[in-house]
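Data file: target_2.csv. Format and content: CSV, C-alpha atoms and all ligand atoms.
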```csv
chain,number,residue,atom,x,y,z
D,1,MET,CA,14.8,-3.2,21.2
D,2,LYS,CA,13.1,0.0,22.2
D,3,LYS,CA,9.4,0.4,22.0
D,4,ASP,CA,8.0,1.7,18.7
D,5,ILE,CA,6.2,4.9,19.8
D,6,ARG,CA,4.8,5.8,16.4
D,7,SER,CA,2.8,2.6,16.2
D,8,TYR,CA,0.6,3.4,19.1
D,9,GLY,CA,-2.9,4.6,18.4
D,10,TYR,CA,-4.2,7.8,20.0
D,11,GLU,CA,-5.7,6.2,23.0
D,12,GLU,CA,-3.1,3.5,23.3
D,13,LEU,CA,-0.4,6.1,23.6
D,14,GLN,CA,-2.3,7.8,26.5
D,15,THR,CA,-2.5,4.4,28.3
D,16,GLU,CA,1.1,3.7,27.5
D,17,LEU,CA,2.4,7.0,28.8
D,18,GLU,CA,0.4,6.8,32.1
D,19,HIS,CA,3.2,4.6,33.5
D,20,LEU,CA,5.6,7.6,33.1
D,21,GLY,CA,3.2,9.5,35.2
D,22,GLU,CA,2.3,11.8,32.3
D,23,LYS,CA,-1.0,13.6,32.0
D,24,LYS,CA,-3.3,13.2,29.0
D,25,PHE,CA,-2.4,16.5,27.5
D,26,ARG,CA,1.3,15.4,27.3
D,27,SER,CA,0.3,12.4,25.4
D,28,ARG,CA,-1.8,14.5,23.1
D,29,GLN,CA,1.2,16.8,22.5
D,30,ILE,CA,3.5,13.8,21.7
D,31,TYR,CA,0.9,12.3,19.4
D,32,GLU,CA,0.7,15.6,17.6
D,33,TRP,CA,4.4,15.8,17.2
D,34,LEU,CA,4.5,12.3,15.8
D,35,HIS,CA,1.5,12.3,13.5
D,36,VAL,CA,0.7,16.0,12.6
D,37,LYS,CA,4.1,17.8,12.8
D,38,LEU,CA,5.8,14.6,11.6
D,39,ALA,CA,8.7,14.8,14.0
D,40,ASP,CA,11.7,12.5,13.3
D,41,THR,CA,13.3,12.8,16.7
D,42,PHE,CA,12.3,13.4,20.3
D,43,ASP,CA,14.6,16.5,20.3
D,44,ASP,CA,12.2,18.1,17.8
D,45,MET,CA,9.5,18.0,20.5
D,46,THR,CA,10.4,21.4,21.9
D,47,ASN,CA,7.3,22.0,24.1
D,48,LEU,CA,8.3,18.9,26.2
D,49,SER,CA,10.7,19.3,29.1
D,50,LEU,CA,14.3,18.2,28.5
D,51,LYS,CA,13.8,15.6,31.2
D,52,LEU,CA,10.7,14.1,29.6
D,53,ARG,CA,12.5,14.0,26.2
D,54,GLU,CA,15.3,12.1,27.8
D,55,ARG,CA,12.9,9.6,29.5
D,56,LEU,CA,11.2,9.0,26.1
D,57,LYS,CA,14.5,8.4,24.4
D,58,GLU,CA,15.5,5.8,27.0
D,59,GLU,CA,12.4,3.7,26.4
D,60,TYR,CA,11.1,4.5,22.9
D,61,GLU,CA,12.3,5.0,19.4
D,62,ILE,CA,10.9,6.7,16.4
D,63,TYR,CA,12.0,4.1,13.9
D,64,PRO,CA,13.5,5.8,10.8
D,65,VAL,CA,12.3,5.8,7.2
D,66,GLU,CA,15.0,7.6,5.4
D,67,MET,CA,15.3,8.6,1.7
D,68,ALA,CA,18.0,6.6,0.0
D,69,GLN,CA,17.1,7.4,-3.6
D,70,ARG,CA,14.6,9.6,-5.5
D,71,GLN,CA,13.7,9.5,-9.1
D,72,ILE,CA,11.5,12.2,-10.7
D,73,SER,CA,9.6,11.6,-13.9
D,74,ALA,CA,10.1,14.3,-16.5
D,75,LEU,CA,6.9,13.3,-18.1
D,76,ASP,CA,4.3,13.7,-15.3
D,77,GLY,CA,6.2,14.6,-12.1
D,78,THR,CA,5.7,11.1,-10.5
D,79,ASN,CA,8.4,10.5,-7.9
D,80,LYS,CA,9.7,7.1,-7.0
D,81,PHE,CA,11.4,6.7,-3.7
D,82,LEU,CA,13.7,4.1,-2.2
D,83,PHE,CA,13.6,4.3,1.6
D,84,ARG,CA,16.0,2.8,4.1
D,85,LEU,CA,14.5,1.4,7.3
D,86,GLY,CA,16.2,1.2,10.7
D,87,ASP,CA,17.6,-2.2,10.1
D,88,GLY,CA,18.9,-1.4,6.6
D,89,ASN,CA,16.0,-3.0,4.7
D,90,MET,CA,14.9,-1.1,1.7
D,91,VAL,CA,11.3,-0.4,0.6
D,92,GLU,CA,9.9,1.6,-2.3
D,93,SER,CA,7.0,4.1,-2.4
D,94,VAL,CA,5.6,6.3,-5.2
D,95,LEU,CA,4.1,9.8,-5.2
D,96,MET,CA,1.7,10.6,-8.0
D,97,LYS,CA,0.4,14.1,-8.7
D,98,TYR,CA,-3.2,14.3,-9.9
D,99,ARG,CA,-5.4,17.3,-10.4
D,100,HIS,CA,-7.2,16.6,-7.2
D,101,GLY,CA,-4.1,16.2,-5.0
D,102,ILE,CA,-1.2,14.0,-4.1
D,103,SER,CA,-1.6,10.2,-4.1
D,104,VAL,CA,1.0,8.0,-2.4
D,105,CYS,CA,1.6,4.3,-3.0
D,106,ILE,CA,3.3,2.5,-0.1
D,107,SER,CA,4.8,-0.9,0.6
D,108,SER,CA,3.5,-3.1,3.4
D,109,GLN,CA,6.3,-5.7,3.6
D,110,ALA,CA,10.0,-5.9,2.7
D,111,GLY,CA,9.6,-8.5,0.0
D,112,CYS,CA,6.6,-10.8,-0.5
D,113,ARG,CA,5.9,-14.5,-0.2
D,114,MET,CA,2.8,-14.7,-2.5
D,115,GLY,CA,4.8,-15.6,-5.6
D,116,CYS,CA,2.7,-14.0,-8.4
D,117,VAL,CA,4.6,-14.9,-11.5
D,118,PHE,CA,4.7,-11.5,-13.2
D,119,CYS,CA,5.6,-9.5,-10.1
D,120,ALA,CA,9.2,-8.4,-9.2
D,121,SER,CA,8.4,-7.9,-5.5
D,122,THR,CA,8.2,-11.5,-4.8
D,123,ILE,CA,11.4,-12.7,-6.5
D,124,GLY,CA,13.5,-12.6,-3.3
D,125,GLY,CA,10.7,-13.8,-1.1
D,126,LEU,CA,9.6,-12.2,2.1
D,127,THR,CA,12.2,-10.5,4.3
D,128,ARG,CA,9.9,-9.2,7.0
D,129,ASN,CA,6.6,-7.4,7.8
D,130,LEU,CA,6.7,-3.6,8.1
D,131,THR,CA,5.4,-2.1,11.3
D,132,ALA,CA,2.5,0.5,11.3
D,133,SER,CA,5.1,3.1,12.0
D,134,GLU,CA,7.2,2.2,8.9
D,135,MET,CA,4.1,2.3,6.7
D,136,LEU,CA,3.1,5.7,8.1
D,137,GLY,CA,6.8,6.8,7.8
D,138,GLN,CA,6.7,6.4,4.1
D,139,ILE,CA,3.8,8.8,3.8
D,140,TYR,CA,5.1,11.2,6.4
D,141,ARG,CA,8.5,11.4,4.7
D,142,ILE,CA,6.9,12.0,1.3
D,143,GLN,CA,4.6,14.7,2.7
D,144,LYS,CA,7.6,16.5,4.2
D,145,ILE,CA,9.6,16.2,1.0
D,146,ALA,CA,6.7,17.3,-1.2
D,147,GLY,CA,5.7,20.1,1.1
D,148,GLU,CA,2.1,19.3,0.3
D,149,ARG,CA,-0.6,17.4,2.0
D,150,VAL,CA,-1.0,13.8,0.9
D,151,SER,CA,-4.7,13.3,0.1
D,152,ASN,CA,-4.9,9.7,-1.2
D,153,VAL,CA,-3.1,6.5,-0.1
D,154,VAL,CA,-2.9,3.2,-1.9
D,155,VAL,CA,-1.4,0.2,-0.3
D,156,MET,CA,-0.2,-1.3,-3.6
D,157,GLY,CA,3.6,-1.3,-3.3
D,158,THR,CA,5.7,-4.3,-2.3
D,159,GLY,CA,4.1,-6.9,-0.1
D,160,GLU,CA,0.7,-8.3,0.7
D,161,PRO,CA,-1.0,-6.1,3.3
D,162,LEU,CA,-3.4,-8.8,4.5
D,163,ASP,CA,-0.4,-11.1,5.1
D,164,ASN,CA,0.6,-8.4,7.7
D,165,TYR,CA,-2.9,-7.9,9.0
D,166,ASP,CA,-2.5,-6.5,12.5
D,167,ASN,CA,0.1,-4.0,11.6
D,168,PHE,CA,-1.9,-3.0,8.5
D,169,ILE,CA,-5.0,-2.3,10.6
D,170,LYS,CA,-3.1,-0.3,13.1
D,171,PHE,CA,-1.6,1.7,10.3
D,172,ILE,CA,-5.0,2.5,8.7
D,173,ARG,CA,-6.5,3.5,12.1
D,174,ILE,CA,-3.6,5.9,12.8
D,175,LEU,CA,-3.5,7.3,9.2
D,176,THR,CA,-7.2,8.1,9.3
D,177,ASP,CA,-7.4,9.3,12.9
D,178,GLU,CA,-8.7,12.8,13.3
D,179,HIS,CA,-5.8,13.5,15.8
D,180,GLY,CA,-3.2,12.7,13.1
D,181,LEU,CA,-3.0,13.2,9.4
D,182,ASN,CA,-6.7,12.6,9.2
D,183,ILE,CA,-6.8,11.2,5.7
D,184,SER,CA,-10.4,10.3,4.8
D,185,GLN,CA,-10.9,6.5,4.8
D,186,ARG,CA,-12.7,6.9,1.5
D,187,ASN,CA,-9.4,8.1,0.0
D,188,VAL,CA,-7.5,4.9,1.1
D,189,THR,CA,-7.3,1.8,-1.1
D,190,VAL,CA,-5.9,-1.6,-0.1
D,191,SER,CA,-4.9,-4.1,-2.8
D,192,THR,CA,-4.8,-7.8,-2.0
D,193,CYS,CA,-4.0,-11.0,-3.9
D,194,GLY,CA,-7.1,-12.5,-2.2
D,195,ILE,CA,-6.5,-13.9,1.3
D,196,ALA,CA,-10.2,-14.7,1.7
D,197,PRO,CA,-10.4,-15.1,5.5
D,198,ARG,CA,-8.6,-11.8,6.0
D,199,ILE,CA,-10.9,-10.0,3.6
D,200,LEU,CA,-13.8,-11.2,5.8
D,201,ASP,CA,-12.0,-9.9,8.9
D,202,LEU,CA,-11.5,-6.6,7.1
D,203,ALA,CA,-15.2,-6.3,6.4
D,204,GLU,CA,-15.8,-6.5,10.2
D,205,GLU,CA,-13.4,-3.6,11.1
D,206,ASP,CA,-15.9,-0.9,10.5
D,207,LEU,CA,-13.5,0.9,8.1
D,208,HIS,CA,-14.6,2.6,4.9
D,209,ILE,CA,-11.6,2.0,2.8
D,210,THR,CA,-11.7,0.7,-0.8
D,211,LEU,CA,-10.9,-2.9,-1.4
D,212,ALA,CA,-9.0,-3.8,-4.6
D,213,LEU,CA,-8.8,-7.5,-5.5
D,214,SER,CA,-6.0,-8.7,-7.8
D,215,LEU,CA,-7.9,-10.9,-10.1
D,216,HIS,CA,-5.7,-11.4,-13.1
D,217,GLY,CA,-7.4,-14.5,-14.3
D,218,PRO,CA,-11.0,-15.0,-15.3
D,219,THR,CA,-11.3,-18.6,-14.1
D,220,GLN,CA,-9.9,-20.5,-11.2
D,221,GLU,CA,-7.7,-22.5,-13.6
D,222,LYS,CA,-6.2,-19.4,-15.4
D,223,ARG,CA,-5.8,-17.4,-12.2
D,224,ARG,CA,-4.0,-20.3,-10.5
D,225,ARG,CA,-1.4,-20.2,-13.3
D,226,LEU,CA,-0.4,-16.6,-12.5
D,227,MET,CA,-1.1,-16.5,-8.7
D,228,PRO,CA,0.0,-19.5,-6.6
D,229,ILE,CA,-2.1,-18.2,-3.7
D,230,ALA,CA,-5.2,-19.0,-5.8
D,231,GLY,CA,-4.4,-22.6,-5.1
D,232,LYS,CA,-5.1,-22.0,-1.4
D,233,TYR,CA,-8.0,-19.5,-1.7
D,234,GLU,CA,-10.0,-20.5,-4.8
D,235,LEU,CA,-11.8,-18.0,-6.9
D,236,PRO,CA,-15.4,-18.7,-5.7
D,237,GLU,CA,-14.2,-18.2,-2.0
D,238,VAL,CA,-12.4,-15.0,-2.8
D,239,LEU,CA,-15.3,-13.6,-4.8
D,240,ALA,CA,-17.7,-14.5,-1.9
D,241,ALA,CA,-15.4,-12.6,0.5
D,242,CYS,CA,-15.4,-9.6,-1.8
D,243,ASP,CA,-19.2,-9.7,-1.9
D,244,ALA,CA,-19.3,-9.8,1.9
D,245,TYR,CA,-17.0,-6.8,2.0
D,246,PHE,CA,-19.3,-4.9,-0.3
D,247,GLU,CA,-22.4,-5.9,1.7
D,248,LYS,CA,-20.8,-4.9,5.1
D,249,THR,CA,-19.2,-1.7,4.0
D,250,GLY,CA,-21.2,-0.5,1.1
D,251,ARG,CA,-17.9,0.2,-0.7
D,252,ARG,CA,-17.7,-0.9,-4.3
D,253,VAL,CA,-14.9,-3.3,-4.8
D,254,THR,CA,-12.2,-2.7,-7.5
D,255,PHE,CA,-10.9,-5.6,-9.5
D,256,GLU,CA,-7.4,-5.4,-10.9
D,257,TYR,CA,-6.5,-7.3,-14.0
D,258,SER,CA,-3.0,-7.2,-15.4
D,259,LEU,CA,-3.2,-7.8,-19.1
D,260,VAL,CA,-0.6,-10.3,-20.1
D,261,HIS,CA,-0.4,-10.8,-23.9
D,262,GLY,CA,-1.2,-14.4,-24.9
D,263,VAL,CA,-1.9,-15.4,-21.4
D,264,ASN,CA,-5.2,-13.7,-20.3
D,265,ASP,CA,-6.1,-11.2,-22.9
D,266,ASN,CA,-8.1,-13.0,-25.6
D,267,ASP,CA,-11.8,-12.8,-26.4
D,268,GLU,CA,-12.7,-15.8,-24.4
D,269,ASP,CA,-10.9,-14.3,-21.3
D,270,ALA,CA,-12.9,-11.1,-21.8
D,271,GLU,CA,-16.2,-13.1,-21.9
D,272,GLU,CA,-15.3,-15.1,-18.9
D,273,LEU,CA,-14.3,-12.0,-17.0
D,274,ALA,CA,-17.5,-10.3,-18.0
D,275,ALA,CA,-19.5,-13.2,-16.7
D,276,ILE,CA,-17.8,-12.9,-13.3
D,277,LEU,CA,-18.2,-9.2,-12.9
D,278,LYS,CA,-21.6,-8.6,-14.5
D,279,PRO,CA,-23.6,-9.5,-11.4
D,280,ARG,CA,-21.4,-7.4,-9.2
D,281,ASN,CA,-21.4,-3.7,-8.4
D,282,CYS,CA,-17.8,-3.2,-9.0
D,283,HIS,CA,-15.1,-1.4,-11.0
D,284,LEU,CA,-12.5,-3.1,-13.2
D,285,ASN,CA,-9.0,-1.7,-13.6
D,286,LEU,CA,-7.0,-3.1,-16.4
D,287,ILE,CA,-3.2,-2.9,-16.0
D,288,PRO,CA,-1.1,-3.6,-19.1
D,289,VAL,CA,1.6,-5.8,-17.5
D,290,ASN,CA,4.9,-4.1,-16.7
D,291,PRO,CA,7.5,-6.3,-18.2
D,292,VAL,CA,9.8,-7.5,-15.4
D,293,ARG,CA,13.4,-8.2,-16.5
D,294,GLU,CA,13.5,-11.6,-14.7
D,295,ARG,CA,10.3,-12.8,-16.4
D,296,ASP,CA,9.3,-12.8,-20.1
D,297,PHE,CA,5.8,-11.6,-20.0
D,298,VAL,CA,4.7,-9.2,-22.8
D,299,ARG,CA,2.1,-6.4,-22.5
D,300,PRO,CA,-0.6,-6.3,-25.2
D,301,SER,CA,-0.6,-3.6,-27.8
D,302,ARG,CA,-2.6,-0.5,-27.0
D,303,GLU,CA,-5.2,-1.7,-29.6
D,304,ASN,CA,-5.5,-5.1,-28.0
D,305,ALA,CA,-6.0,-3.5,-24.6
D,306,LEU,CA,-8.7,-1.2,-25.9
D,307,ASN,CA,-10.4,-4.1,-27.6
D,308,PHE,CA,-10.5,-6.0,-24.3
D,309,LYS,CA,-11.8,-2.9,-22.6
D,310,ASN,CA,-14.6,-2.4,-25.2
D,311,LYS,CA,-15.7,-6.0,-24.9
D,312,LEU,CA,-16.2,-5.6,-21.1
D,313,GLU,CA,-17.8,-2.2,-21.5
D,314,LYS,CA,-20.3,-3.7,-23.9
D,315,SER,CA,-21.3,-6.2,-21.2
D,316,GLY,CA,-22.0,-3.2,-18.9
D,317,ILE,CA,-18.9,-3.4,-16.8
D,318,ASN,CA,-17.5,-0.2,-15.4
D,319,VAL,CA,-13.9,-0.4,-16.6
D,320,THR,CA,-10.7,1.8,-16.9
D,321,ILE,CA,-7.3,1.1,-18.2
D,322,ARG,CA,-4.8,2.3,-15.6
D,323,ARG,CA,-3.1,5.4,-16.8
D,324,GLU,CA,0.6,4.8,-16.8
D,325,MET,CA,2.5,7.2,-14.5
D,326,GLY,CA,6.2,7.8,-14.5
D,327,SER,CA,6.9,5.4,-17.4
D,328,ASP,CA,10.3,7.0,-17.9
D,329,ILE,CA,11.4,6.2,-14.3
D,330,ASP,CA,9.3,3.2,-13.6
D,331,GLY,CA,10.4,-0.3,-14.3
D,332,ALA,CA,7.8,-2.7,-13.0
D,333,CYS,CA,6.4,-2.7,-9.5
D,334,GLY,CA,9.1,-3.6,-7.0
D,335,GLN,CA,12.0,-3.2,-9.5
D,336,LEU,CA,13.6,-0.3,-7.8
D,337,ARG,CA,14.1,-2.2,-4.6
D,338,ARG,CA,15.2,-5.3,-6.6
D,339,ARG,CA,17.8,-3.4,-8.6
D,340,HIS,CA,19.1,-1.9,-5.4
D,341,ALA,CA,19.4,-5.5,-4.0
D,342,GLU,CA,21.4,-6.5,-7.0
D,343,ASN,CA,23.6,-3.5,-6.5
D,344,GLU,CA,23.2,-2.3,-10.0
D,345,MET,CA,22.1,1.2,-9.3
D,346,THR,CA,22.4,3.6,-12.1
D,347,THR,CA,21.3,6.7,-10.2
D,348,GLU,CA,23.2,8.4,-7.6
D,349,GLU,CA,22.5,7.5,-4.0
D,350,ILE,CA,21.8,10.1,-1.5
D,401,LIG,N1,-0.1,-7.8,-2.7
D,401,LIG,C1,-1.0,-6.9,-3.2
D,401,LIG,C2,-0.6,-5.5,-3.5
D,401,LIG,C3,0.7,-5.4,-4.3
D,401,LIG,S1,0.8,-5.2,-6.0
D,401,LIG,C4,-1.8,-7.5,-4.4
D,401,LIG,O1,-1.5,-8.6,-4.8
D,401,LIG,O2,-2.8,-6.9,-4.8
D,401,LIG,C5,-0.4,-4.1,-6.7
D,401,LIG,C6,-0.9,-4.6,-8.0
D,401,LIG,O3,0.1,-4.6,-9.0
D,401,LIG,C7,-1.5,-6.0,-7.9
D,401,LIG,O4,-2.7,-6.1,-8.6
D,401,LIG,C8,-0.4,-6.8,-8.6
D,401,LIG,O5,-0.8,-8.0,-9.1
D,401,LIG,C9,0.0,-5.8,-9.7
D,401,LIG,N2,1.3,-6.1,-10.3
D,401,LIG,C10,2.4,-6.6,-9.8
D,401,LIG,N3,3.4,-6.7,-10.7
D,401,LIG,C11,2.9,-6.2,-11.8
D,401,LIG,C12,3.5,-6.1,-13.1
D,401,LIG,N4,4.7,-6.5,-13.4
D,401,LIG,N5,2.7,-5.6,-14.1
D,401,LIG,C13,1.4,-5.2,-13.8
D,401,LIG,N6,0.8,-5.3,-12.6
D,401,LIG,C14,1.6,-5.8,-11.6
```

Before anything else, please render the file you have as structure tokens.
Amino acid sequence: MKKDIRSYGYEELQTELEHLGEKKFRSRQIYEWLHVKLADTFDDMTNLSLKLRERLKEEYEIYPVEMAQRQISALDGTNKFLFRLGDGNMVESVLMKYRHGISVCISSQAGCRMGCVFCASTIGGLTRNLTASEMLGQIYRIQKIAGERVSNVVVMGTGEPLDNYDNFIKFIRILTDEHGLNISQRNVTVSTCGIAPRILDLAEEDLHITLALSLHGPTQEKRRRLMPIAGKYELPEVLAACDAYFEKTGRRVTFEYSLVHGVNDNDEDAEELAAILKPRNCHLNLIPVNPVRERDFVRPSRENALNFKNKLEKSGINVTIRREMGSDIDGACGQLRRRHAENEMTTEEI
């Protein structure tokens, strides 16, 4: 397999290309082609000599992230993409348009092995980790298609980013490097199911990204029912890791809570949740569960969800209900990829 040139950081690429006898400015040019001009091939790199381009092709590859399918919401302009990777694996990404710019949600793994019971991404298990280049590639492809600068990135698609830690960190460093797309770290959010030791590692990386913790249950017992990983990293340990993240980075943690009717949305749940969050400087994001075809979870009514929100607000918690984007094209998280896997596509393939 050829070396994955888009996964090298700025300085790493300089060191890497030294063995080709190339000067620093060449490496700078190549980095710019990859991460600013978003080149898909070495032939695009027209200010390099033909000879150098051929050398690069022999040893390296820009691993592809190609559009296989695109759905555009008629309601709010949200785009859902299915991308094909070099080895034929499929991943999905979402582009959301907000007043303040374009936000992209990317996948960090093909599949997932965390097993959360309401989530479609985990149904087929984990196929493989994505490389830094493949995470970047989703954003670069979308930016090229949209013709507009991506301003926010959330790692909330398929996969558990902290289960793919090294590639994920490389990805964040390249994404936010001033020599590349230079996205502000403050505009990047990573969502995790709560791999406590990796949260502690992340706190030490000197990054200023937002940490979102998938909480979903207000007690160890209730959380464990929805998230098998909670059996390994119990609630007190996970919360302590989040506290450490806040202390180290000064970044307020977001807690995500998928409201599942009859499972975690009654008054007692709201009280227990408030008790956890009250002492913390945090934000709570309520997500009415997206029904997944393979599972029979039901979302609460709008009224129930608002009630739940009000209860928490009264306890002084900073809380929002996630605005639903692209509900006409959506299907729950991970369902586009899943449907493709089942070969039941209703939309035309590109
Ligand atoms: N593995 C990471 C990121 C992926 S999912 C994590 O667990 O956080 C992003 C968020 O969507 C998580 O909070 C996840 O629990 C939630 N989610 C997954 N499937 C969902 C569904 N069907 N309805 C509502 N939220 C869902």

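Using all atoms listed in the file as the basis for the distance check, residues found within 6 Å of ligand LIG 401 (chain D) are Phe118, Cys119, Met156, Gly157, Thr158, Gly159, Glu160, Ser191, Thr192, Cys193, Ser214, Glu256, Ser258, Ile287, Val289, Asn290, Pro291, Val292, Ala332 and Cys333 of chain D.
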
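By only C-alpha atoms, and with residues fewer than 2 positions from D:Ser121 along its chain excluded, the set lying at most 9 Å from it is D:Ala110, D:Gly111, D:Cys112, D:Arg113, D:Gly115, D:Cys116, D:Cys119, D:Ile123, D:Gly124, D:Gly125, D:Leu126, D:Gly157, D:Thr158, D:Gly159, D:Cys333, D:Gly334, D:Gln335, D:Arg337, D:Arg338.
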
Spatial neighbours of D:Leu48, max dist 10 Å, all atoms listed in the file, sep filter under 4 positions, as a PyMOL selection string: chain D and resi 26+29-30+42-44+52-54

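You will find atom CA of D:Ile229 at 26.3 Å from atom CA of D:Asp206.
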
Which one is closest to D:Leu226: D:Ile139, D:Ile199, D:Met114, D:Leu239? Count all atoms listed in the file.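 Ranking D:Ile139, D:Ile199, D:Met114, D:Leu239 by distance to D:Leu226, first place goes to D:Met114.
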
Proximity to D:Glu148 - best of D:Cys282, D:Arg225, D:Lys97, D:Leu50, only C-alpha atoms: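 Of the candidates, the smallest distance to D:Glu148 is held by D:Lys97.
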
Straight-line distance linking atom CA of D:Ile172 with atom CA of D:Leu286, stated in Å to one decimal: 25.8 Å

Contacts of D:Phe83 at 10 Å (only C-alpha atoms; same-chain gap of 6+ positions) as a PyMOL selection string: chain D and resi 64-70+89-93+134+137-138+141+337

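A straight line drawn from atom CA of D:Tyr10 to atom CA of D:Val155 is 21.9 Å long.
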
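For the residues D:Tyr245, D:Phe168, D:Tyr257, D:Tyr233, ranking by smallest atom-to-atom distance to D:Leu200 using all atoms listed in the file places D:Tyr245 first.
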
Output: stretch 84-128 of chain D of the preceding structure, restricted to C-alpha atoms, written as a CSV table (one decimal), in the first residue's frame.
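So the final result, stored in part_13.csv, reads:
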```
chain,number,residue,atom,x,y,z
D,84,ARG,CA,-17.1,6.0,-1.1
D,85,LEU,CA,-13.6,5.3,0.3
D,86,GLY,CA,-10.7,3.9,-1.7
D,87,ASP,CA,-11.5,0.3,-0.6
D,88,GLY,CA,-15.2,0.6,-1.3
D,89,ASN,CA,-16.3,1.3,2.2
D,90,MET,CA,-19.1,3.8,2.6
D,91,VAL,CA,-19.4,6.6,5.1
D,92,GLU,CA,-21.9,9.4,5.6
D,93,SER,CA,-21.5,13.1,6.3
D,94,VAL,CA,-23.9,15.9,6.7
D,95,LEU,CA,-23.7,19.6,5.7
D,96,MET,CA,-25.9,22.0,7.6
D,97,LYS,CA,-26.5,25.6,6.7
D,98,TYR,CA,-26.8,28.1,9.5
D,99,ARG,CA,-26.9,31.9,9.5
D,100,HIS,CA,-23.3,32.0,10.7
D,101,GLY,CA,-21.9,29.6,8.1
D,102,ILE,CA,-21.6,26.0,7.0
D,103,SER,CA,-21.3,23.2,9.5
D,104,VAL,CA,-20.2,19.7,8.6
D,105,CYS,CA,-20.8,16.5,10.5
D,106,ILE,CA,-18.3,13.7,9.7
D,107,SER,CA,-17.8,10.0,10.4
D,108,SER,CA,-14.8,8.8,12.2
D,109,GLN,CA,-15.1,5.0,11.6
D,110,ALA,CA,-16.8,2.8,9.1
D,111,GLY,CA,-19.3,1.2,11.4
D,112,CYS,CA,-19.0,1.3,15.2
D,113,ARG,CA,-18.4,-1.3,18.0
D,114,MET,CA,-19.9,0.6,20.9
D,115,GLY,CA,-23.4,-0.9,20.6
D,116,CYS,CA,-25.7,1.9,21.8
D,117,VAL,CA,-29.1,0.3,21.5
D,118,PHE,CA,-30.9,3.2,19.7
D,119,CYS,CA,-28.2,3.9,17.1
D,120,ALA,CA,-28.2,2.6,13.6
D,121,SER,CA,-24.4,3.0,13.1
D,122,THR,CA,-23.5,0.2,15.4
D,123,ILE,CA,-25.8,-2.5,13.9
D,124,GLY,CA,-23.3,-4.0,11.6
D,125,GLY,CA,-20.4,-3.6,14.0
D,126,LEU,CA,-17.1,-1.9,13.3
D,127,THR,CA,-15.6,-2.4,9.8
D,128,ARG,CA,-12.5,-0.3,10.2
```
